file model.txt (compact mmCIF, C-alpha atoms)
# COMPACT_ATOMS: atom_id res chain seq x y z
CA ASP A 25 112.12 62.21 147.38
CA GLN A 26 114.70 59.88 145.88
CA GLN A 27 113.52 56.29 146.13
CA VAL A 28 116.84 54.89 144.90
CA LYS A 29 120.04 56.37 146.28
CA GLN A 30 123.65 55.89 145.36
CA ASN A 31 125.45 57.82 148.05
CA SER A 32 128.96 57.54 146.62
CA PRO A 33 129.38 59.84 143.59
CA SER A 34 132.71 58.22 142.72
CA LEU A 35 134.97 55.28 143.54
CA SER A 36 138.61 54.67 142.61
CA VAL A 37 140.04 51.14 142.64
CA GLN A 38 143.33 49.55 141.64
CA GLU A 39 143.26 47.11 138.73
CA GLY A 40 142.84 43.53 139.94
CA ARG A 41 141.16 44.52 143.21
CA ILE A 42 137.48 44.33 144.10
CA SER A 43 135.09 47.18 143.29
CA ILE A 44 131.99 47.46 145.49
CA LEU A 45 129.22 49.81 144.43
CA ASN A 46 126.34 50.41 146.80
CA CYS A 47 122.70 51.31 146.41
CA ASP A 48 119.90 51.94 148.92
CA TYR A 49 116.19 52.10 148.28
CA THR A 50 113.14 53.16 150.23
CA ASN A 51 110.18 51.59 148.40
CA SER A 52 109.48 48.06 149.63
CA MET A 53 107.24 47.51 146.58
CA PHE A 54 110.19 47.27 144.18
CA ASP A 55 110.27 43.73 142.80
CA TYR A 56 113.38 43.71 140.63
CA PHE A 57 116.72 45.49 140.72
CA LEU A 58 119.12 46.16 137.88
CA TRP A 59 122.57 47.60 137.34
CA TYR A 60 123.39 49.55 134.21
CA LYS A 61 126.80 50.64 133.00
CA LYS A 62 127.35 53.83 131.02
CA TYR A 63 130.34 55.05 129.05
CA PRO A 64 130.65 58.72 128.00
CA ALA A 65 128.57 59.69 124.96
CA GLU A 66 126.77 56.33 125.01
CA GLY A 67 123.51 55.13 126.45
CA PRO A 68 123.31 52.93 129.56
CA THR A 69 123.74 49.21 128.91
CA PHE A 70 122.23 46.48 131.05
CA LEU A 71 124.76 44.69 133.22
CA ILE A 72 123.10 42.40 135.77
CA SER A 73 119.84 42.11 137.68
CA ILE A 74 118.32 40.40 140.71
CA SER A 75 114.80 39.54 141.71
CA SER A 76 113.55 40.65 145.11
CA ILE A 77 113.07 36.98 146.08
CA LYS A 78 116.79 36.27 145.78
CA ASP A 79 119.79 37.54 147.72
CA LYS A 80 122.56 36.95 145.20
CA ASN A 81 123.06 36.75 141.47
CA GLU A 82 126.37 36.15 139.75
CA ASP A 83 127.49 36.63 136.16
CA GLY A 84 131.18 36.20 135.52
CA ARG A 85 133.12 38.92 137.32
CA PHE A 86 129.92 40.65 138.42
CA THR A 87 127.86 39.72 141.48
CA VAL A 88 124.88 41.58 142.88
CA PHE A 89 123.82 41.12 146.50
CA LEU A 90 120.44 42.11 147.86
CA ASN A 91 119.64 42.67 151.55
CA LYS A 92 115.89 43.25 151.68
CA SER A 93 115.73 43.89 155.41
CA ALA A 94 118.24 46.72 155.02
CA LYS A 95 116.82 47.81 151.64
CA HIS A 96 120.34 47.69 150.28
CA LEU A 97 122.02 46.17 147.26
CA SER A 98 125.58 46.12 146.11
CA LEU A 99 127.48 45.29 142.94
CA HIS A 100 130.82 43.53 143.28
CA ILE A 101 133.29 43.47 140.41
CA VAL A 102 136.17 41.01 140.83
CA PRO A 103 138.79 41.46 139.53
CA SER A 104 138.37 45.05 138.41
CA GLN A 105 139.74 45.98 134.99
CA PRO A 106 140.48 49.38 133.42
CA GLY A 107 137.66 48.77 130.92
CA ASP A 108 135.24 48.71 133.85
CA SER A 109 135.75 52.46 134.30
CA ALA A 110 132.32 53.93 133.69
CA VAL A 111 129.26 55.31 135.46
CA TYR A 112 127.17 52.62 137.16
CA PHE A 113 123.48 53.19 137.72
CA CYS A 114 121.37 51.22 140.13
CA ALA A 115 117.72 50.90 139.07
CA ALA A 116 114.62 49.42 140.64
CA ARG A 117 111.50 48.20 138.91
CA THR A 118 108.09 49.16 140.24
CA MET A 119 105.27 46.67 140.32
CA GLU A 120 103.11 49.08 138.37
CA TYR A 121 102.18 48.29 134.78
CA GLY A 122 104.69 49.51 132.26
CA ASN A 123 107.93 47.85 133.43
CA LYS A 124 109.03 51.27 134.68
CA LEU A 125 112.39 51.82 136.33
CA VAL A 126 113.53 54.26 139.01
CA PHE A 127 117.21 55.14 138.75
CA GLY A 128 119.82 56.23 141.24
CA ALA A 129 122.12 59.15 140.49
CA GLY A 130 125.02 56.91 139.50
CA THR A 131 128.54 56.19 140.74
CA ILE A 132 131.62 56.94 138.67
CA LEU A 133 134.05 54.03 138.89
CA ARG A 134 137.69 54.58 137.97
CA VAL A 135 139.92 51.54 137.76
CA LYS A 136 143.58 52.49 137.81
CA SER A 137 146.16 50.33 136.04
CA ASN B 28 122.40 45.68 114.47
CA ALA B 29 121.10 49.20 115.20
CA GLY B 30 118.99 48.60 118.34
CA VAL B 31 117.70 51.98 119.54
CA THR B 32 118.57 55.02 117.42
CA GLN B 33 118.03 58.60 118.51
CA THR B 34 118.07 61.66 116.25
CA PRO B 35 119.43 64.25 116.46
CA LYS B 36 122.47 63.67 118.70
CA PHE B 37 122.92 67.37 119.53
CA ARG B 38 120.70 70.40 119.26
CA VAL B 39 120.74 73.99 120.47
CA LEU B 40 117.43 75.82 120.73
CA LYS B 41 116.33 79.26 121.75
CA THR B 42 113.75 79.70 124.48
CA GLY B 43 110.26 79.35 123.04
CA GLN B 44 111.25 77.28 120.01
CA SER B 45 109.76 73.88 119.41
CA MET B 46 111.33 70.63 118.30
CA THR B 47 110.79 66.88 118.09
CA LEU B 48 113.22 64.18 119.13
CA LEU B 49 112.90 60.91 117.26
CA CYS B 50 113.51 57.45 118.68
CA ALA B 51 113.49 54.37 116.48
CA GLN B 52 113.96 50.74 117.51
CA ASP B 53 114.35 47.71 115.28
CA MET B 54 113.85 45.00 117.92
CA ASN B 55 110.05 44.82 117.60
CA HIS B 56 109.74 45.91 121.23
CA GLU B 57 106.32 46.75 122.62
CA TYR B 58 107.39 49.21 125.33
CA MET B 59 109.26 52.47 124.77
CA TYR B 60 110.41 55.20 127.15
CA TRP B 61 111.81 58.71 127.22
CA TYR B 62 114.14 59.78 130.05
CA ARG B 63 116.11 62.86 130.86
CA GLN B 64 119.42 62.82 132.68
CA ASP B 65 120.57 65.79 134.71
CA PRO B 66 123.73 66.09 136.83
CA GLY B 67 123.39 64.40 140.20
CA MET B 68 119.88 63.13 139.48
CA GLY B 69 120.19 59.96 137.43
CA LEU B 70 117.61 59.21 134.76
CA ARG B 71 114.05 60.39 135.26
CA LEU B 72 111.13 59.03 133.25
CA ILE B 73 109.27 61.63 131.15
CA HIS B 74 106.71 59.56 129.22
CA TYR B 75 106.36 55.96 128.17
CA SER B 76 104.33 53.75 125.85
CA VAL B 77 103.20 50.15 126.27
CA GLY B 78 102.27 49.70 122.63
CA GLU B 79 101.48 51.37 119.33
CA GLY B 80 98.97 54.16 119.81
CA THR B 81 99.41 54.34 123.61
CA THR B 82 101.24 56.87 125.77
CA ALA B 83 101.40 57.54 129.50
CA LYS B 84 102.99 60.08 131.84
CA GLY B 85 106.10 59.32 133.79
CA GLU B 86 107.73 61.15 136.67
CA VAL B 87 108.47 64.50 134.95
CA PRO B 88 106.00 64.93 132.03
CA ASP B 89 105.34 68.68 132.19
CA GLY B 90 106.42 70.62 129.09
CA TYR B 91 106.66 67.50 126.91
CA ASN B 92 104.34 65.60 124.60
CA VAL B 93 104.82 62.21 122.95
CA SER B 94 103.34 60.13 120.17
CA ARG B 95 103.61 56.46 119.19
CA LEU B 96 101.92 56.24 115.79
CA LYS B 97 104.13 53.35 114.69
CA LYS B 98 105.41 50.53 116.88
CA GLN B 99 109.03 51.20 116.02
CA ASN B 100 108.97 54.97 116.63
CA PHE B 101 108.48 57.08 119.75
CA LEU B 102 108.56 60.86 119.34
CA LEU B 103 109.22 63.38 122.11
CA GLY B 104 108.06 66.94 121.50
CA LEU B 105 108.89 70.22 123.17
CA GLU B 106 106.24 72.76 122.21
CA SER B 107 107.90 75.81 123.79
CA ALA B 108 111.43 75.08 124.97
CA ALA B 109 112.60 76.45 128.32
CA PRO B 110 116.14 76.62 129.76
CA SER B 111 115.08 74.10 132.44
CA GLN B 112 114.72 71.54 129.66
CA THR B 113 118.45 71.65 128.93
CA SER B 114 119.42 68.03 129.49
CA VAL B 115 120.53 64.78 127.92
CA TYR B 116 117.55 62.80 126.67
CA PHE B 117 117.59 59.01 126.42
CA CYS B 118 115.13 56.77 124.70
CA ALA B 119 114.77 53.12 125.69
CA SER B 120 112.72 50.12 124.66
CA SER B 121 111.86 46.74 126.14
CA ARG B 122 110.05 43.66 124.97
CA GLY B 123 107.37 43.81 127.58
CA GLN B 124 106.42 43.43 131.20
CA GLY B 125 108.38 40.27 132.04
CA VAL B 126 110.94 40.33 134.82
CA ARG B 127 113.74 39.37 132.45
CA GLU B 128 113.13 42.22 130.04
CA PRO B 129 115.77 44.90 130.60
CA GLN B 130 115.39 48.20 128.85
CA HIS B 131 117.72 48.90 125.93
CA PHE B 132 118.91 52.48 125.53
CA GLY B 133 119.89 54.74 122.68
CA ASP B 134 123.03 56.89 122.85
CA GLY B 135 121.17 60.04 123.84
CA THR B 136 120.38 63.51 122.54
CA ARG B 137 122.16 66.45 124.14
CA LEU B 138 119.79 69.41 124.10
CA SER B 139 120.71 72.96 125.12
CA ILE B 140 118.10 75.69 125.49
CA LEU B 141 119.47 79.23 125.45

call {"tool": "encode", "arguments": {"input": "model.txt", "output": "C-alpha cells"}}
result
Amino acid sequence: DQQVKQNSPSLSVQEGRISILNCDYTNSMFDYFLWYKKYPAEGPTFLISISSIKDKNEDGRFTVFLNKSAKHLSLHIVPSQPGDSAVYFCAARTMEYGNKLVFGAGTILRVKS
Amino acid sequence: NAGVTQTPKFRVLKTGQSMTLLCAQDMNHEYMYWYRQDPGMGLRLIHYSVGEGTTAKGEVPDGYNVSRLKKQNFLLGLESAAPSQTSVYFCASSRGQGVREPQHFGDGTRLSIL
C-alpha cells in the first residue's frame, strides 16, 4: 500500500514555462514533506521541504504547496530550465523515531529548449 | 567535500553469493540509511541506524543485514544473494531527528544478481 503517490510518471514542459509536479499521500501522521531531485547515475539531492503546519514554502524558482485537507502537495518550478530535467521524488517524514522517509515513485521532468 | 561515498558502484553476483556494500560519510552525521530503488517503486528503506552500534529494520529488511561499528560507516550485507535483490542501492545520512535535517545521499550501487 503506497502511502506516497506520484501519479504522473513523466511530464514535458517548454523552457520558460511553469512545471507542476504533484504528489498525494494517505497517512495523516506525516509531519514534514520533502522534494528530492535526481540526475542519472547520481543520488537524490534535497531540493525543498515544507512542514505540515504550513501551506507554502518558496525558494527561488521552486515553490511547494501543501493542501492538508486534500492530502496533496505540489512542486512548482518557474521558469523551467533545461537543467531542471531530472527525476523528482516526493517524500514524507513519519513521526516515528529515526527521521525516516517514505518516497513516491518519482516523476521524470523533461524541459525542452 | 566527499559527503556520502558508496563502494562499489557496480557489481554482478551469482545467486547464492554473498557481498557487502560499504557506505562512508564524512559529515559526522548520527543517522544513516540504506534504500533500494526499483522501477516504478521509488526508494524503499531497508535498514537504518540512529547512531554508532545501533541498527533497526526498515520497510524491506528481509535478506539483508547491516552493521554500524563506526559512526562514519554503515555496511549492508547480502548473505545469499537472490535475483529479487537486483536493484540500485542508495545510502543516506542525516544529522539527526530535527525537522530541518534532510537526508544526504550517495550516488548508488547498481547490483545485478544472475

call {"tool": "atom_distance", "arguments": {"input": "model.txt", "atom1": "CA of Phe86 (chain A)", "atom2": "CA of Lys29 (chain A)"}}
result
20.2 Å

call {"tool": "interface_residues", "arguments": {"input": "model.txt", "of": "chain B", "to": "chain A", "cutoff": "10 Å", "atoms": "all atoms listed in the file", "output": "CSV table (one decimal) with C-alpha atoms, in the coordinates of the input"}}
result
chain,number,residue,atom,x,y,z
B,31,VAL,CA,117.7,52.0,119.5
B,36,LYS,CA,122.5,63.7,118.7
B,58,TYR,CA,107.4,49.2,125.3
B,59,MET,CA,109.3,52.5,124.8
B,60,TYR,CA,110.4,55.2,127.2
B,64,GLN,CA,119.4,62.8,132.7
B,65,ASP,CA,120.6,65.8,134.7
B,66,PRO,CA,123.7,66.1,136.8
B,67,GLY,CA,123.4,64.4,140.2
B,68,MET,CA,119.9,63.1,139.5
B,69,GLY,CA,120.2,60.0,137.4
B,70,LEU,CA,117.6,59.2,134.8
B,71,ARG,CA,114.0,60.4,135.3
B,72,LEU,CA,111.1,59.0,133.2
B,75,TYR,CA,106.4,56.0,128.2
B,76,SER,CA,104.3,53.8,125.8
B,77,VAL,CA,103.2,50.2,126.3
B,78,GLY,CA,102.3,49.7,122.6
B,83,ALA,CA,101.4,57.5,129.5
B,85,GLY,CA,106.1,59.3,133.8
B,86,GLU,CA,107.7,61.2,136.7
B,115,VAL,CA,120.5,64.8,127.9
B,116,TYR,CA,117.6,62.8,126.7
B,117,PHE,CA,117.6,59.0,126.4
B,118,CYS,CA,115.1,56.8,124.7
B,119,ALA,CA,114.8,53.1,125.7
B,121,SER,CA,111.9,46.7,126.1
B,122,ARG,CA,110.0,43.7,125.0
B,123,GLY,CA,107.4,43.8,127.6
B,124,GLN,CA,106.4,43.4,131.2
B,125,GLY,CA,108.4,40.3,132.0
B,126,VAL,CA,110.9,40.3,134.8
B,127,ARG,CA,113.7,39.4,132.4
B,128,GLU,CA,113.1,42.2,130.0
B,129,PRO,CA,115.8,44.9,130.6
B,130,GLN,CA,115.4,48.2,128.8
B,131,HIS,CA,117.7,48.9,125.9
B,132,PHE,CA,118.9,52.5,125.5
B,133,GLY,CA,119.9,54.7,122.7
B,134,ASP,CA,123.0,56.9,122.8
B,135,GLY,CA,121.2,60.0,123.8
B,136,THR,CA,120.4,63.5,122.5
B,137,ARG,CA,122.2,66.4,124.1

call {"tool": "residues_around", "arguments": {"input": "model.txt", "residues": "region 100-105 of chain B", "least_positions_apart": "3", "cutoff": "8 Å", "atoms": "only C-alpha atoms", "output": "ChimeraX atom specification"}}
result
/B:45-52,59-61,90-97,108

call {"tool": "residues_around", "arguments": {"input": "model.txt", "residues": "Gln27 (chain A)", "least_positions_apart": "5", "cutoff": "7 Å", "atoms": "only C-alpha atoms", "output": "PDB file with C-alpha atoms, in the frame of the given file"}}
result
ATOM      1  CA  TYR A  49     116.190  52.100 148.280  1.00  0.00           C
ATOM      2  CA  THR A  50     113.140  53.160 150.230  1.00  0.00           C
ATOM      3  CA  ASN A  51     110.180  51.590 148.400  1.00  0.00           C
TER       4      ASN A  51
END

call {"tool": "residues_around", "arguments": {"input": "model.txt", "residues": "region 139-141 of chain B", "least_positions_apart": "6", "cutoff": "10 Å", "atoms": "all atoms listed in the file", "output": "PyMOL selection string"}}
result
chain B and resi 37-44+108-115

call {"tool": "atom_distance", "arguments": {"input": "model.txt", "atom1": "CA of Pro106 (chain A)", "atom2": "CA of Asn81 (chain A)"}}
result
23.0 Å

call {"tool": "closest_residue", "arguments": {"input": "model.txt", "among": "A:Ser43, A:Ser32, A:Asn91, A:Ser76", "to": "Pro103 (chain A)", "atoms": "only C-alpha atoms"}}
result
A:Ser43

call {"tool": "atom_distance", "arguments": {"input": "model.txt", "atom1": "CA of Glu57 (chain B)", "atom2": "CA of His74 (chain B)"}}
result
14.4 Å

call {"tool": "residues_around", "arguments": {"input": "model.txt", "residues": "region 95-100 of chain A", "least_positions_apart": "2", "cutoff": "6 Å", "atoms": "all atoms listed in the file", "output": "mmCIF file with C-alpha atoms, keeping the file's coordinate frame"}}
result
data_model
loop_
_atom_site.group_PDB
_atom_site.id
_atom_site.type_symbol
_atom_site.label_atom_id
_atom_site.label_comp_id
_atom_site.auth_asym_id
_atom_site.auth_seq_id
_atom_site.Cartn_x
_atom_site.Cartn_y
_atom_site.Cartn_z
ATOM 1 C CA SER A 43 135.090 47.180 143.290
ATOM 2 C CA ILE A 44 131.990 47.460 145.490
ATOM 3 C CA LEU A 45 129.220 49.810 144.430
ATOM 4 C CA ASN A 46 126.340 50.410 146.800
ATOM 5 C CA CYS A 47 122.700 51.310 146.410
ATOM 6 C CA ASP A 48 119.900 51.940 148.920
ATOM 7 C CA TYR A 49 116.190 52.100 148.280
ATOM 8 C CA PHE A 86 129.920 40.650 138.420
ATOM 9 C CA THR A 87 127.860 39.720 141.480
ATOM 10 C CA VAL A 88 124.880 41.580 142.880
ATOM 11 C CA PHE A 89 123.820 41.120 146.500
ATOM 12 C CA LEU A 90 120.440 42.110 147.860
ATOM 13 C CA ASN A 91 119.640 42.670 151.550
ATOM 14 C CA LYS A 92 115.890 43.250 151.680
ATOM 15 C CA SER A 93 115.730 43.890 155.410
#

call {"tool": "closest_residue", "arguments": {"input": "model.txt", "among": "A:Gly107, A:Lys136, A:Ala116, A:Ile101", "to": "Ile42 (chain A)", "atoms": "all atoms listed in the file"}}
result
A:Ile101

call {"tool": "closest_residue", "arguments": {"input": "model.txt", "among": "B:Gln33, B:Tyr62, B:Met54, B:Ser107", "to": "Val87 (chain B)", "atoms": "only C-alpha atoms"}}
result
B:Tyr62

call {"tool": "build_atoms", "arguments": {"input": "model.txt", "residues": "region 97-113 of chain B", "atoms": "N, CA, C and O atoms", "output": "compact mmCIF listing (two decimals), in the coordinates of the input"}}
result
# COMPACT_ATOMS: atom_id res chain seq x y z
N LYS B 97 103.63 54.61 115.21
CA LYS B 97 104.13 53.35 114.69
C LYS B 97 104.86 52.61 115.81
O LYS B 97 105.49 53.25 116.65
N LYS B 98 104.82 51.33 115.81
CA LYS B 98 105.41 50.53 116.88
C LYS B 98 106.89 50.82 117.04
O LYS B 98 107.41 50.85 118.16
N GLN B 99 107.59 51.05 115.94
CA GLN B 99 109.03 51.20 116.02
C GLN B 99 109.48 52.60 116.40
O GLN B 99 110.66 52.81 116.68
N ASN B 100 108.58 53.58 116.39
CA ASN B 100 108.97 54.97 116.63
C ASN B 100 108.29 55.57 117.85
O ASN B 100 107.09 55.34 118.08
N PHE B 101 109.03 56.37 118.59
CA PHE B 101 108.48 57.08 119.75
C PHE B 101 109.03 58.49 119.69
O PHE B 101 110.23 58.70 119.76
N LEU B 102 108.15 59.48 119.52
CA LEU B 102 108.56 60.86 119.34
C LEU B 102 108.35 61.66 120.63
O LEU B 102 107.31 61.52 121.28
N LEU B 103 109.32 62.49 120.95
CA LEU B 103 109.22 63.38 122.11
C LEU B 103 109.22 64.82 121.61
O LEU B 103 110.15 65.23 120.91
N GLY B 104 108.19 65.58 121.96
CA GLY B 104 108.06 66.94 121.50
C GLY B 104 108.19 67.96 122.61
O GLY B 104 107.72 67.72 123.73
N LEU B 105 108.85 69.07 122.29
CA LEU B 105 108.89 70.22 123.17
C LEU B 105 108.17 71.34 122.44
O LEU B 105 108.63 71.79 121.38
N GLU B 106 107.03 71.77 122.92
CA GLU B 106 106.24 72.76 122.21
C GLU B 106 106.82 74.16 122.34
O GLU B 106 106.84 74.94 121.40
N SER B 107 107.31 74.50 123.53
CA SER B 107 107.90 75.81 123.79
C SER B 107 109.06 75.60 124.75
O SER B 107 108.88 75.56 125.96
N ALA B 108 110.26 75.47 124.18
CA ALA B 108 111.43 75.08 124.97
C ALA B 108 111.77 76.11 126.05
O ALA B 108 111.68 77.33 125.81
N ALA B 109 112.18 75.61 127.20
CA ALA B 109 112.60 76.45 128.32
C ALA B 109 114.00 76.04 128.76
O ALA B 109 114.38 74.87 128.61
N PRO B 110 114.79 76.97 129.32
CA PRO B 110 116.14 76.62 129.76
C PRO B 110 116.18 75.43 130.72
O PRO B 110 117.16 74.67 130.73
N SER B 111 115.12 75.23 131.51
CA SER B 111 115.08 74.10 132.44
C SER B 111 115.01 72.75 131.74
O SER B 111 115.20 71.71 132.37
N GLN B 112 114.76 72.78 130.42
CA GLN B 112 114.72 71.54 129.66
C GLN B 112 116.07 71.20 129.03
O GLN B 112 116.18 70.20 128.30
N THR B 113 117.08 72.00 129.32
CA THR B 113 118.45 71.65 128.93
C THR B 113 118.83 70.37 129.65
O THR B 113 118.81 70.31 130.89
